[in-house]
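Written out below as structure tokens is the structure these notes cover.
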Amino acid sequence: MTDLSSGSKQFQSVNNQNSAGTERQDVDPQETAEWLEALSGVVAHVGRDRAQFLFDKLAGHAVSLGIESTRTNVTPYQNTIPFEQQPRYPGNLELEERLAAALRWNALAMVVRANQAYGELGGHIASYASAADLFEVGFNHFFRAAAPGGEAGTGDLVYFQPHSSPGVYARAYLEGFLSEENLQHYRREIDGPGLCSYPHPWLMPDFWQFPTGSMGIGPINAIYQARFMRYLANRALAQTDGRKVWGFFGDGEMDEPESTGALSLAAREGLDNLVFVINCNLQRLDGPVRSNGRIIDELEAHFVGAGWNVIKVVWGSDWDALFSRDRTGALLRAFAHTVDGQFQTFSANDGAYNRERFFGQNPELAALAAQLSDDDIDRLRRGGHDVRKLHAAYAKALAHRGQPTVILAKTMKGFGMGTSGQGRMTTHQQKKLGFDELRAFRDRFRLPLTDEDVEQVKFYKPAEDSPEMQYLHARRSALGGYLPRRRTVASKGLTVPPISSWGQFALETGGREMSTTMALVRMLTALLKDSEVGPRVVPIVADEARTFGMANMFRQVGIYSPLGQLYEPEDLGSMLYYREDTKGQILEEGISEAGAVSSWVAAATSYSVHDLPMLPFYIYYSMFGFQRIGDLIWAAADQRARGFLIGATSGKTTLGGEGLQHQDGTSHLAASTIPNCRAYDPAFAYEVAAIVDAGMREMVEQQRDVFYYVTVMNENYAQPSVPGGDLQTLREGILRGIYRLPAQEQGSADVKVQLLGSGAILGEVIAAQKMLRDDWQIEAAVWSVTSFSELQRDGMSSERGARFGEATEAPYVSTALNASVGPIIAATDYVRAVPELIRAYVPRRYVTLGTDGFGRSDTRQALREFFEVDRKSIVIAALKALFDEGVIGSDVVDKARQLYGMHKPMGAPSWVK
């Protein structure tokens, strides 16, 4: 195989059994041999543990002498667990092989049938073909489920590789949870009992636990789920000892920054309840993951460097005899020169090709393969297709303590799909197989199917009393039941305390100045003291607790740390010192919005995963939420999360000096697209209290699958008490999205214009009302719009009902505004597309003002004038609308422009430039 060096020259770092650094000439080979012989003697006579101890001591001493290591964190390209340390396989290999064959066929049949009937449906065959054994070893021997009627919140948690979902469906079919009709409706969910493309709890709420369809999200969610389990245990809220989080991911998927961004956290906190299994089939969607390198080496170095325990499963049992006969290390030297692109070519070809191109590289390799036929060489399996090797790896991972474990399992993409699919560049896109290919697949896995069965791509299910089916049910019974299965509601909800116990200050403010952020934090602080709800509250921040005024919580409930506090904090003498505690309640995630929202997801789905309702409040700069980690928030929605996302310092003009990338003008637009997200932009503390109260009751009392996004500001202003002292009269309007400020009822007969405002800009709207009255003798009514998105959804629902002849109420916003007169002006601190959400349901002339364009650094007032959402701009908009309605003359508008200095140059507005 003389042409193989084309890629190896670029990969010299793995030469000589993966040693690294510049090659040095051995000036004293005899001394070198003596050192190596001494270490070998320790291994032979005392054991590997003693040799490891001496090696570590020697390495530490070398560092103290200033000797730098040139080794990489990469071991030889072979199995971590040698054959002699491999435990006996506890299962029935023959029955498991028959079951695996049935699962492989049904998974393949699902995709092939769907695409024979509907060519556009897609689906994936090759991913599960490579991962089947990875899953089955877990299903048969390791994945523990919570038995029906058993202890709540027990069992392991499994994050399944999304492209392998047909294999999970195939197993559920054999188990009896899914019917043949379900399989026939794979990827057809609208008309019939369909199956969704990937793991989606929203679409299959009693089956899938975790959404992993967006690659990269599964790994980070799995890490924070394992961490949250420790959090619950340390706070004595749940017993999680012995439970494992298993994450099955692809080697190409590990390129996503979310996949590897939290690895150090898992190691830092010693999450030995976490096991990653990376399906290293060496291929991503278009071709090799590392064509000119080796992804297993790269991942090993990455995980070892992050502090993980790494177990490699590279070669199957058929290779053991070859390694035992290889006295010179020829195999490892050959592997060190073989890159993944070439390994892919080997997997796509037969035994004759591999005899010539791999074993034919030199006489040593040729001699090793001399006793093998071409068929024998073709059957040399990679480790990820050998259940005995995988079982040994899984068992070692479960026994390991103090570190998370990653198992790097080498497989072939499209394993068993023959020359049309196995190892091909195009295998990921393979949706259909012809009769000859299907028949070859049947023969390869010895399935009891006739040619007619194969031609019709019939599903195959052994008889219920067959040995293989009895074995399948027995193994799952021994492990507690079947999975994946999802709990849809907690067995017991929470009782929310009355607002008076935690939010009375917001109802009766006495005109005190405060920001809505501070009001929210004060409410949260009071809720933490409640005997029932308090322990379930999970405050989460991404390194901004002091910014949001949460420092008082450090002392009140502490910051969670599995190690407690191993140091004396610099600010120990302060009332608000930085207190870490093993029982701490705050999750302070550092500068990682993706990590913080992953913690939030774990807490927000605890009602399902652990049968333990929690109330997470993730508080963050609103600009770094939906815009930055929107895909994770969509995954939370898919997983039916219940909790609060608090977008603090929200809007384009409240965080004045910070400038462009810290100013949020779009998060409410993004939130409006997520069906189970209720988004609110309150202006007053009592509105915040009403929304938080309603959210808690909806999520933990009524157990509805919704979550709340609430934006709050850092601007201090006088907070009014509840008008009339009765929050109940305003509650419906606050929650449905709009209500008229009761203080403006007087003089309503003379009102000529309606002013709508939300959040930070409501104060400007109220000021504009006074200017209209004082400067122009025009009465205006002011409306607080707490949620444009809720109003839009209500309007769309009403509109659709009317379209289909249903007896529905008119849109709430239409009914509210129908009783008023005059044009309607809406102003927000968000882009105009937000107030435009309700245009279809506004009964009269509607003018919107917003903060479109790039942000700037300046004072709040200057920014509001710049974006034309200040009080003067609102007055001009109202007067122009009244002129357009024929209520006033153009001279009034012109005079107002002169008075307020609002003459603008022609052309693009300033915020576009």
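Quick note on naming: the chains in the structure tokens go A, B, ... in the order shown, residues restart at 1 in each chain, and ligands are numbered from 1 in order of appearance.
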
Neighbouring residues of Met550 of chain A were defined as those with any atom within 10 Å, considering only C-alpha atoms; residues of the same chain fewer than 4 positions away were excluded. Please report them as a PyMOL selection string. chain A and resi 517-518+521-522+524-525+539+541+544-546+554+576+586+619

Please write the residues from the selection above to a file, keeping N, CA and C atoms, as a PDB file, in the first residue's frame.
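Result file is out_10.pdb:
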ATOM      1  N   THR A 517     -36.548  45.591  37.216  1.00  0.00           N
ATOM      2  CA  THR A 517     -35.601  44.525  37.557  1.00  0.00           C
ATOM      3  C   THR A 517     -35.506  44.376  39.071  1.00  0.00           C
ATOM      4  N   MET A 518     -35.358  45.500  39.769  1.00  0.00           N
ATOM      5  CA  MET A 518     -35.268  45.426  41.223  1.00  0.00           C
ATOM      6  C   MET A 518     -36.568  44.920  41.842  1.00  0.00           C
ATOM      7  N   VAL A 521     -36.508  41.131  41.395  1.00  0.00           N
ATOM      8  CA  VAL A 521     -35.558  40.497  42.315  1.00  0.00           C
ATOM      9  C   VAL A 521     -36.091  40.513  43.738  1.00  0.00           C
ATOM     10  N   ARG A 522     -36.751  41.595  44.113  1.00  0.00           N
ATOM     11  CA  ARG A 522     -37.338  41.666  45.457  1.00  0.00           C
ATOM     12  C   ARG A 522     -38.436  40.616  45.627  1.00  0.00           C
ATOM     13  N   LEU A 524     -38.577  37.797  44.014  1.00  0.00           N
ATOM     14  CA  LEU A 524     -37.881  36.513  44.042  1.00  0.00           C
ATOM     15  C   LEU A 524     -37.278  36.251  45.416  1.00  0.00           C
ATOM     16  N   THR A 525     -36.711  37.284  46.003  1.00  0.00           N
ATOM     17  CA  THR A 525     -36.133  37.152  47.338  1.00  0.00           C
ATOM     18  C   THR A 525     -37.196  36.742  48.357  1.00  0.00           C
ATOM     19  N   PRO A 539     -32.697  30.256  41.200  1.00  0.00           N
ATOM     20  CA  PRO A 539     -32.194  31.462  40.546  1.00  0.00           C
ATOM     21  C   PRO A 539     -30.957  31.122  39.718  1.00  0.00           C
ATOM     22  N   VAL A 541     -28.053  32.739  36.962  1.00  0.00           N
ATOM     23  CA  VAL A 541     -27.467  33.929  36.343  1.00  0.00           C
ATOM     24  C   VAL A 541     -26.216  33.526  35.581  1.00  0.00           C
ATOM     25  N   GLU A 544     -23.925  37.819  36.240  1.00  0.00           N
ATOM     26  CA  GLU A 544     -24.413  39.193  36.304  1.00  0.00           C
ATOM     27  C   GLU A 544     -25.299  39.423  37.527  1.00  0.00           C
ATOM     28  N   ALA A 545     -25.130  38.625  38.564  1.00  0.00           N
ATOM     29  CA  ALA A 545     -26.007  38.743  39.730  1.00  0.00           C
ATOM     30  C   ALA A 545     -25.910  40.130  40.366  1.00  0.00           C
ATOM     31  N   ARG A 546     -24.703  40.659  40.479  1.00  0.00           N
ATOM     32  CA  ARG A 546     -24.557  41.980  41.101  1.00  0.00           C
ATOM     33  C   ARG A 546     -25.196  43.055  40.238  1.00  0.00           C
ATOM     34  N   PHE A 554     -26.705  36.007  47.725  1.00  0.00           N
ATOM     35  CA  PHE A 554     -25.501  35.232  48.025  1.00  0.00           C
ATOM     36  C   PHE A 554     -25.539  34.750  49.475  1.00  0.00           C
ATOM     37  N   LEU A 576     -22.910  41.133  51.965  1.00  0.00           N
ATOM     38  CA  LEU A 576     -23.290  40.481  50.714  1.00  0.00           C
ATOM     39  C   LEU A 576     -22.111  39.700  50.141  1.00  0.00           C
ATOM     40  N   ILE A 586     -28.414  29.245  44.279  1.00  0.00           N
ATOM     41  CA  ILE A 586     -28.189  29.996  43.042  1.00  0.00           C
ATOM     42  C   ILE A 586     -27.251  29.212  42.135  1.00  0.00           C
ATOM     43  N   ILE A 619     -32.087  34.876  34.850  1.00  0.00           N
ATOM     44  CA  ILE A 619     -32.072  36.330  34.668  1.00  0.00           C
ATOM     45  C   ILE A 619     -30.815  36.708  33.897  1.00  0.00           C
TER      46      ILE A 619
END

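Omitting Val892 of chain A and its sequence neighbours fewer than 2 positions away, and counting only C-alpha atoms, the residues within 10 Å are Trp776, Ile876, Leu879, Lys880, Leu882, Phe883, Ile888, Gly889, Ser890, Asp894, Lys895, Ala896, Arg897 and Gln898 of chain A.
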
Show me a table, sorted first by chain and then by increasing residue number, of the residues of segment 617-667 of chain A having an atom at most 8 Å from segment 856-861 of chain A, each with its shortest atom pair and the distance in Å to one decimal, counting only C-alpha atoms and written as JSON lines.
{"residue": "A:Thr653", "atom": "CA", "partner": "A:Arg860", "partner_atom": "CA", "distance": 5.4}
{"residue": "A:Thr654", "atom": "CA", "partner": "A:Arg860", "partner_atom": "CA", "distance": 5.8}
{"residue": "A:Leu655", "atom": "CA", "partner": "A:Arg860", "partner_atom": "CA", "distance": 7.4}
{"residue": "A:Gly656", "atom": "CA", "partner": "A:Thr859", "partner_atom": "CA", "distance": 5.1}
{"residue": "A:Gly657", "atom": "CA", "partner": "A:Ser857", "partner_atom": "CA", "distance": 4.5}
{"residue": "A:Glu658", "atom": "CA", "partner": "A:Ser857", "partner_atom": "CA", "distance": 5.7}
{"residue": "A:Gly659", "atom": "CA", "partner": "A:Ser857", "partner_atom": "CA", "distance": 4.1}
{"residue": "A:Leu660", "atom": "CA", "partner": "A:Arg856", "partner_atom": "CA", "distance": 5.2}

Let's see if you can do this: from backbone DSSP, list all strand (DSSP E or B) residues in segment 694-787 of chain A, as a ChimeraX atom specification. /A:707-711,717-718,738-740,751-757,779-785

Just the residues within 9 Å of Ala596 of chain A, please, counting only C-alpha atoms, with nothing from its chain fewer than 3 positions along; format it as a compact mmCIF listing (two decimals) with N, CA and C atoms, in the first residue's frame.
# COMPACT_ATOMS: atom_id res chain seq x y z
N TYR A 224 -25.39 19.54 31.66
CA TYR A 224 -26.07 20.33 32.70
C TYR A 224 -27.19 19.53 33.37
N ILE A 540 -30.96 31.55 38.47
CA ILE A 540 -29.85 31.24 37.56
C ILE A 540 -29.35 32.54 36.94
N VAL A 541 -28.05 32.74 36.96
CA VAL A 541 -27.47 33.93 36.34
C VAL A 541 -26.22 33.53 35.58
N ALA A 542 -25.91 34.28 34.55
CA ALA A 542 -24.67 34.09 33.79
C ALA A 542 -23.70 35.21 34.16
N LEU A 587 -27.60 29.13 40.87
CA LEU A 587 -26.70 28.56 39.87
C LEU A 587 -26.03 29.73 39.15
N GLU A 588 -24.78 29.99 39.53
CA GLU A 588 -24.01 31.08 38.93
C GLU A 588 -23.11 30.46 37.87
N GLU A 589 -23.48 30.64 36.61
CA GLU A 589 -22.89 29.85 35.53
C GLU A 589 -21.67 30.46 34.85
N GLY A 590 -21.23 31.62 35.33
CA GLY A 590 -20.13 32.25 34.61
C GLY A 590 -20.61 32.79 33.28
N ILE A 591 -19.68 33.21 32.46
CA ILE A 591 -20.05 33.87 31.21
C ILE A 591 -20.37 32.81 30.16
N SER A 592 -21.52 32.22 30.30
CA SER A 592 -21.97 31.19 29.37
C SER A 592 -23.50 31.20 29.32
N GLU A 593 -24.04 31.95 28.38
CA GLU A 593 -25.50 31.96 28.24
C GLU A 593 -26.01 30.58 27.84
N SER A 599 -28.89 24.88 32.14
CA SER A 599 -29.29 24.65 33.54
C SER A 599 -30.77 24.94 33.72
N TRP A 600 -31.22 26.02 33.09
CA TRP A 600 -32.63 26.39 33.18
C TRP A 600 -33.52 25.28 32.60
N VAL A 601 -33.10 24.71 31.48
CA VAL A 601 -33.88 23.63 30.86
C VAL A 601 -33.96 22.43 31.80
N TYR A 618 -34.22 32.29 35.19
CA TYR A 618 -32.93 32.62 34.58
C TYR A 618 -32.96 34.09 34.21

Long-range neighbours of segment 396-408 of chain A as a PyMOL selection string, 7 Å cut-off, only C-alpha atoms, 6 positions minimum in chain: chain A and resi 266-267+270-280+296+308-313

Which residue is closest to Lys770 of chain A? Choose from A:Ala334, A:Val875, A:Leu791, A:Val111 and count only C-alpha atoms.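 Closest to Lys770 of chain A of all the choices is A:Val875.
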
Among listed residues A:Leu615, A:Ala100, A:Val245, A:Ala301, nearest Phe445 of chain A (using only C-alpha atoms):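 The answer is A:Ala100, which sits nearest to Phe445 of chain A.
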
Name all residues at most 7 Å from His668 of chain A (count only C-alpha atoms; drop same-chain ones fewer than 3 positions away) and give them as number ranges by chain. A: 671-672, 679, 834

9 Å contact set for Thr605 of chain A, only C-alpha atoms, chain neighbours under 4 positions out, as a VMD selection string: chain A and resid 600 to 601 609 to 610 612 to 614 636 639 to 643

Create the file for the chosen residues now, containing C-alpha atoms and written as a PDB file, in the first residue's frame.
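Heads up, here's the output in again-v5.pdb:
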ATOM      1  CA  TRP A 600     -32.634  26.386  33.180  1.00  0.00           C
ATOM      2  CA  VAL A 601     -33.875  23.629  30.860  1.00  0.00           C
ATOM      3  CA  VAL A 609     -37.534  14.008  34.399  1.00  0.00           C
ATOM      4  CA  HIS A 610     -37.482  13.762  38.206  1.00  0.00           C
ATOM      5  CA  LEU A 612     -40.141  17.157  41.036  1.00  0.00           C
ATOM      6  CA  PRO A 613     -41.601  20.519  39.962  1.00  0.00           C
ATOM      7  CA  MET A 614     -39.037  23.322  40.166  1.00  0.00           C
ATOM      8  CA  ALA A 636     -36.643  23.979  25.784  1.00  0.00           C
ATOM      9  CA  GLN A 639     -39.099  19.627  25.846  1.00  0.00           C
ATOM     10  CA  ARG A 640     -42.144  21.351  27.384  1.00  0.00           C
ATOM     11  CA  ALA A 641     -40.144  23.468  29.816  1.00  0.00           C
ATOM     12  CA  ARG A 642     -41.904  25.329  32.624  1.00  0.00           C
ATOM     13  CA  GLY A 643     -40.132  28.325  34.107  1.00  0.00           C
TER      14      GLY A 643
END

Where in segment 208-277 of chain A does DSSP assign helix (DSSP H, G or I), given as number ranges by chain? A: 217-234, 253-255, 257-260, 263-268

Store the residues picked out above in a file with N, CA and C atoms, as a PDB file, in the first residue's frame.
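File written: out.pdb
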ATOM      1  N   ILE A 217     -26.859  20.486  20.650  1.00  0.00           N
ATOM      2  CA  ILE A 217     -27.646  20.839  21.836  1.00  0.00           C
ATOM      3  C   ILE A 217     -27.700  19.672  22.826  1.00  0.00           C
ATOM      4  N   GLY A 218     -27.743  18.462  22.307  1.00  0.00           N
ATOM      5  CA  GLY A 218     -27.788  17.300  23.188  1.00  0.00           C
ATOM      6  C   GLY A 218     -26.617  17.227  24.159  1.00  0.00           C
ATOM      7  N   PRO A 219     -25.360  17.391  23.678  1.00  0.00           N
ATOM      8  CA  PRO A 219     -24.224  17.271  24.603  1.00  0.00           C
ATOM      9  C   PRO A 219     -24.247  18.275  25.749  1.00  0.00           C
ATOM     10  N   ILE A 220     -24.486  19.539  25.458  1.00  0.00           N
ATOM     11  CA  ILE A 220     -24.458  20.532  26.537  1.00  0.00           C
ATOM     12  C   ILE A 220     -25.643  20.338  27.477  1.00  0.00           C
ATOM     13  N   ASN A 221     -26.808  19.958  26.946  1.00  0.00           N
ATOM     14  CA  ASN A 221     -27.951  19.697  27.817  1.00  0.00           C
ATOM     15  C   ASN A 221     -27.706  18.484  28.708  1.00  0.00           C
ATOM     16  N   ALA A 222     -27.042  17.463  28.171  1.00  0.00           N
ATOM     17  CA  ALA A 222     -26.753  16.271  28.968  1.00  0.00           C
ATOM     18  C   ALA A 222     -25.815  16.606  30.122  1.00  0.00           C
ATOM     19  N   ILE A 223     -24.817  17.442  29.858  1.00  0.00           N
ATOM     20  CA  ILE A 223     -23.871  17.826  30.905  1.00  0.00           C
ATOM     21  C   ILE A 223     -24.591  18.563  32.027  1.00  0.00           C
ATOM     22  N   TYR A 224     -25.394  19.545  31.659  1.00  0.00           N
ATOM     23  CA  TYR A 224     -26.074  20.327  32.696  1.00  0.00           C
ATOM     24  C   TYR A 224     -27.187  19.530  33.370  1.00  0.00           C
ATOM     25  N   GLN A 225     -27.735  18.533  32.685  1.00  0.00           N
ATOM     26  CA  GLN A 225     -28.709  17.660  33.328  1.00  0.00           C
ATOM     27  C   GLN A 225     -28.024  16.834  34.412  1.00  0.00           C
ATOM     28  N   ALA A 226     -26.848  16.294  34.099  1.00  0.00           N
ATOM     29  CA  ALA A 226     -26.107  15.521  35.100  1.00  0.00           C
ATOM     30  C   ALA A 226     -25.722  16.401  36.276  1.00  0.00           C
ATOM     31  N   ARG A 227     -25.332  17.635  35.986  1.00  0.00           N
ATOM     32  CA  ARG A 227     -24.973  18.579  37.049  1.00  0.00           C
ATOM     33  C   ARG A 227     -26.203  18.924  37.893  1.00  0.00           C
ATOM     34  N   PHE A 228     -27.383  19.098  37.250  1.00  0.00           N
ATOM     35  CA  PHE A 228     -28.585  19.434  37.997  1.00  0.00           C
ATOM     36  C   PHE A 228     -29.002  18.283  38.913  1.00  0.00           C
ATOM     37  N   MET A 229     -28.761  17.055  38.485  1.00  0.00           N
ATOM     38  CA  MET A 229     -29.052  15.911  39.350  1.00  0.00           C
ATOM     39  C   MET A 229     -28.225  15.977  40.632  1.00  0.00           C
ATOM     40  N   ARG A 230     -26.968  16.389  40.509  1.00  0.00           N
ATOM     41  CA  ARG A 230     -26.123  16.548  41.698  1.00  0.00           C
ATOM     42  C   ARG A 230     -26.620  17.717  42.561  1.00  0.00           C
ATOM     43  N   TYR A 231     -27.057  18.764  41.902  1.00  0.00           N
ATOM     44  CA  TYR A 231     -27.625  19.925  42.605  1.00  0.00           C
ATOM     45  C   TYR A 231     -28.817  19.497  43.456  1.00  0.00           C
ATOM     46  N   LEU A 232     -29.713  18.703  42.860  1.00  0.00           N
ATOM     47  CA  LEU A 232     -30.889  18.229  43.600  1.00  0.00           C
ATOM     48  C   LEU A 232     -30.482  17.346  44.773  1.00  0.00           C
ATOM     49  N   ALA A 233     -29.501  16.494  44.542  1.00  0.00           N
ATOM     50  CA  ALA A 233     -29.068  15.599  45.611  1.00  0.00           C
ATOM     51  C   ALA A 233     -28.391  16.372  46.738  1.00  0.00           C
ATOM     52  N   ASN A 234     -27.517  17.315  46.404  1.00  0.00           N
ATOM     53  CA  ASN A 234     -26.807  18.080  47.436  1.00  0.00           C
ATOM     54  C   ASN A 234     -27.756  18.953  48.248  1.00  0.00           C
ATOM     55  N   GLU A 253     -20.798  15.761  15.022  1.00  0.00           N
ATOM     56  CA  GLU A 253     -21.568  16.664  15.880  1.00  0.00           C
ATOM     57  C   GLU A 253     -20.681  17.375  16.893  1.00  0.00           C
ATOM     58  N   MET A 254     -19.555  16.751  17.235  1.00  0.00           N
ATOM     59  CA  MET A 254     -18.683  17.336  18.244  1.00  0.00           C
ATOM     60  C   MET A 254     -17.969  18.586  17.748  1.00  0.00           C
ATOM     61  N   ASP A 255     -18.119  18.924  16.471  1.00  0.00           N
ATOM     62  CA  ASP A 255     -17.578  20.195  15.975  1.00  0.00           C
ATOM     63  C   ASP A 255     -18.419  21.388  16.422  1.00  0.00           C
ATOM     64  N   PRO A 257     -19.816  24.117  18.711  1.00  0.00           N
ATOM     65  CA  PRO A 257     -19.225  24.663  19.943  1.00  0.00           C
ATOM     66  C   PRO A 257     -20.002  24.278  21.197  1.00  0.00           C
ATOM     67  N   GLU A 258     -21.328  24.113  21.087  1.00  0.00           N
ATOM     68  CA  GLU A 258     -22.102  23.701  22.263  1.00  0.00           C
ATOM     69  C   GLU A 258     -21.739  22.287  22.705  1.00  0.00           C
ATOM     70  N   SER A 259     -21.255  21.462  21.767  1.00  0.00           N
ATOM     71  CA  SER A 259     -20.932  20.075  22.105  1.00  0.00           C
ATOM     72  C   SER A 259     -19.762  19.982  23.070  1.00  0.00           C
ATOM     73  N   THR A 260     -18.803  20.871  22.925  1.00  0.00           N
ATOM     74  CA  THR A 260     -17.581  20.781  23.719  1.00  0.00           C
ATOM     75  C   THR A 260     -17.412  21.948  24.689  1.00  0.00           C
ATOM     76  N   LEU A 263     -17.427  20.900  28.528  1.00  0.00           N
ATOM     77  CA  LEU A 263     -16.722  19.693  28.975  1.00  0.00           C
ATOM     78  C   LEU A 263     -15.967  19.937  30.278  1.00  0.00           C
ATOM     79  N   SER A 264     -15.350  21.104  30.396  1.00  0.00           N
ATOM     80  CA  SER A 264     -14.555  21.374  31.600  1.00  0.00           C
ATOM     81  C   SER A 264     -15.442  21.447  32.834  1.00  0.00           C
ATOM     82  N   LEU A 265     -16.673  21.948  32.700  1.00  0.00           N
ATOM     83  CA  LEU A 265     -17.576  21.986  33.853  1.00  0.00           C
ATOM     84  C   LEU A 265     -17.849  20.579  34.354  1.00  0.00           C
ATOM     85  N   ALA A 266     -18.088  19.650  33.434  1.00  0.00           N
ATOM     86  CA  ALA A 266     -18.380  18.276  33.835  1.00  0.00           C
ATOM     87  C   ALA A 266     -17.216  17.669  34.599  1.00  0.00           C
ATOM     88  N   ALA A 267     -15.984  17.959  34.148  1.00  0.00           N
ATOM     89  CA  ALA A 267     -14.814  17.432  34.846  1.00  0.00           C
ATOM     90  C   ALA A 267     -14.573  18.169  36.152  1.00  0.00           C
ATOM     91  N   ARG A 268     -14.732  19.494  36.128  1.00  0.00           N
ATOM     92  CA  ARG A 268     -14.485  20.311  37.315  1.00  0.00           C
ATOM     93  C   ARG A 268     -15.386  19.898  38.470  1.00  0.00           C
TER      94      ARG A 268
END

Could you list, as a list of chain:residue names, every residue within 12 Å of Met204 of chain A, counting only C-alpha atoms and ignoring same-chain residues fewer than 3 positions away?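 Surrounding residues, per the criterion: A:Tyr169, A:Leu178, A:Asn182, A:Glu189, A:Pro193, A:Gly194, A:Leu195, A:Cys196, A:Ser197, A:Tyr198, A:Pro199, A:His200, A:Pro201, A:Phe207, A:Trp208, A:Gln209, A:Phe210, A:Pro211, A:Pro484, A:Arg485, A:Arg486, A:Arg487, A:Thr488, A:Asp638, A:Gln639, A:Arg640.
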
For the residues selected in the previous step, produce a file with C-alpha atoms as a compact mmCIF listing (two decimals), in the first residue's frame.
# COMPACT_ATOMS: atom_id res chain seq x y z
CA TYR A 169 -38.77 3.36 17.07
CA LEU A 178 -45.61 1.32 18.88
CA ASN A 182 -47.10 3.88 13.69
CA GLU A 189 -47.67 13.03 11.64
CA PRO A 193 -50.59 7.95 14.26
CA GLY A 194 -47.30 9.26 12.93
CA LEU A 195 -43.74 9.26 14.18
CA CYS A 196 -41.69 12.45 14.20
CA SER A 197 -38.39 12.69 12.38
CA TYR A 198 -36.15 13.14 15.42
CA PRO A 199 -36.58 13.04 19.21
CA HIS A 200 -39.27 15.67 19.85
CA PRO A 201 -41.08 15.55 23.22
CA PHE A 207 -42.15 8.84 24.51
CA TRP A 208 -39.20 11.14 23.88
CA GLN A 209 -37.64 12.77 26.93
CA PHE A 210 -35.00 14.99 25.34
CA PRO A 211 -34.91 16.90 22.03
CA PRO A 484 -37.53 6.14 26.39
CA ARG A 485 -40.74 6.97 28.18
CA ARG A 486 -41.74 10.42 29.37
CA ARG A 487 -43.77 11.57 32.38
CA THR A 488 -46.20 14.26 31.22
CA ASP A 638 -39.87 21.23 22.49
CA GLN A 639 -39.10 19.63 25.85
CA ARG A 640 -42.14 21.35 27.38

Which residue, A:Ser130, A:Gln585, A:Thr786, A:Gln777, has the smallest gap to Leu762 of chain A when you use only C-alpha atoms? A:Thr786

My list of candidates is A:Tyr708, A:Trp634, A:Tyr471, A:Tyr186. Which is closest to Glu97 of chain A when distances are computed with only C-alpha atoms? A:Tyr471

Selected residue of minimal separation from Arg740 of chain A among A:Trp783, A:Val387, A:Val722, A:Gln792, counting only C-alpha atoms: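 So, comparing all the options, the nearest one is A:Trp783.
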
Just to confirm, what's the straight-line distance from atom CA of Ala395 of chain A to atom CA of Ala51 of chain A in Å (one decimal)?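 Value for the atom CA of Ala395 of chain A-atom CA of Ala51 of chain A distance: 23.1 Å.
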
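Here the question is which of A:Met699, A:Met771, A:Val304, A:Val27 gets nearest to Arg871 of chain A using only C-alpha atoms, and that residue is A:Met771.
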
To one decimal in Å, tell me the separation between atom CA of Gly510 of chain A and atom CA of Ala718 of chain A.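 Pair atom CA of Gly510 of chain A / atom CA of Ala718 of chain A returns 8.8 Å.
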
What is the atom CA of Arg439 of chain A-atom CA of Gln283 of chain A distance in Å, reported with one decimal? 25.4 Å

If you take only C-alpha atoms and a cut-off of 12 Å, which residues of segment 624-741 of chain A touch segment 806-825 of chain A, and what are their nearest atom pairs and distances in Å to one decimal, in chain and number order, as a Markdown table?
| residue | atom | partner | partner_atom | distance |
| --- | --- | --- | --- | --- |
| A:Glu732 | CA | A:Tyr812 | CA | 10.4 |
| A:Gly733 | CA | A:Tyr812 | CA | 9.0 |
| A:Ile734 | CA | A:Tyr812 | CA | 11.8 |
| A:Leu735 | CA | A:Tyr812 | CA | 11.3 |
| A:Arg736 | CA | A:Tyr812 | CA | 7.7 |
| A:Gly737 | CA | A:Val813 | CA | 8.0 |
| A:Ile738 | CA | A:Val813 | CA | 7.0 |
| A:Tyr739 | CA | A:Ala816 | CA | 7.6 |
| A:Arg740 | CA | A:Ala816 | CA | 8.5 |

Based on the selection just made, write N, CA and C atoms of those residues as a short mmCIF file (atom, residue, chain, number, x, y, z; two decimals), in the first residue's frame.
data_model
loop_
_atom_site.label_atom_id
_atom_site.label_comp_id
_atom_site.auth_asym_id
_atom_site.auth_seq_id
_atom_site.Cartn_x
_atom_site.Cartn_y
_atom_site.Cartn_z
N GLU A 732 -57.11 40.60 34.13
CA GLU A 732 -57.38 40.06 32.80
C GLU A 732 -56.65 40.85 31.73
N GLY A 733 -56.73 42.18 31.80
CA GLY A 733 -56.07 42.99 30.80
C GLY A 733 -54.57 42.83 30.82
N ILE A 734 -53.98 42.78 32.01
CA ILE A 734 -52.53 42.60 32.11
C ILE A 734 -52.10 41.28 31.47
N LEU A 735 -52.83 40.22 31.76
CA LEU A 735 -52.44 38.90 31.27
C LEU A 735 -52.79 38.69 29.80
N ARG A 736 -53.87 39.30 29.34
CA ARG A 736 -54.22 39.12 27.93
C ARG A 736 -53.47 40.07 27.03
N GLY A 737 -52.91 41.15 27.63
CA GLY A 737 -51.99 41.95 26.84
C GLY A 737 -52.24 43.43 26.78
N ILE A 738 -53.42 43.93 27.18
CA ILE A 738 -53.67 45.36 27.07
C ILE A 738 -54.75 45.79 28.06
N TYR A 739 -54.54 46.96 28.66
CA TYR A 739 -55.60 47.55 29.49
C TYR A 739 -55.37 49.06 29.51
N ARG A 740 -56.47 49.78 29.71
CA ARG A 740 -56.39 51.24 29.78
C ARG A 740 -56.05 51.65 31.21
#
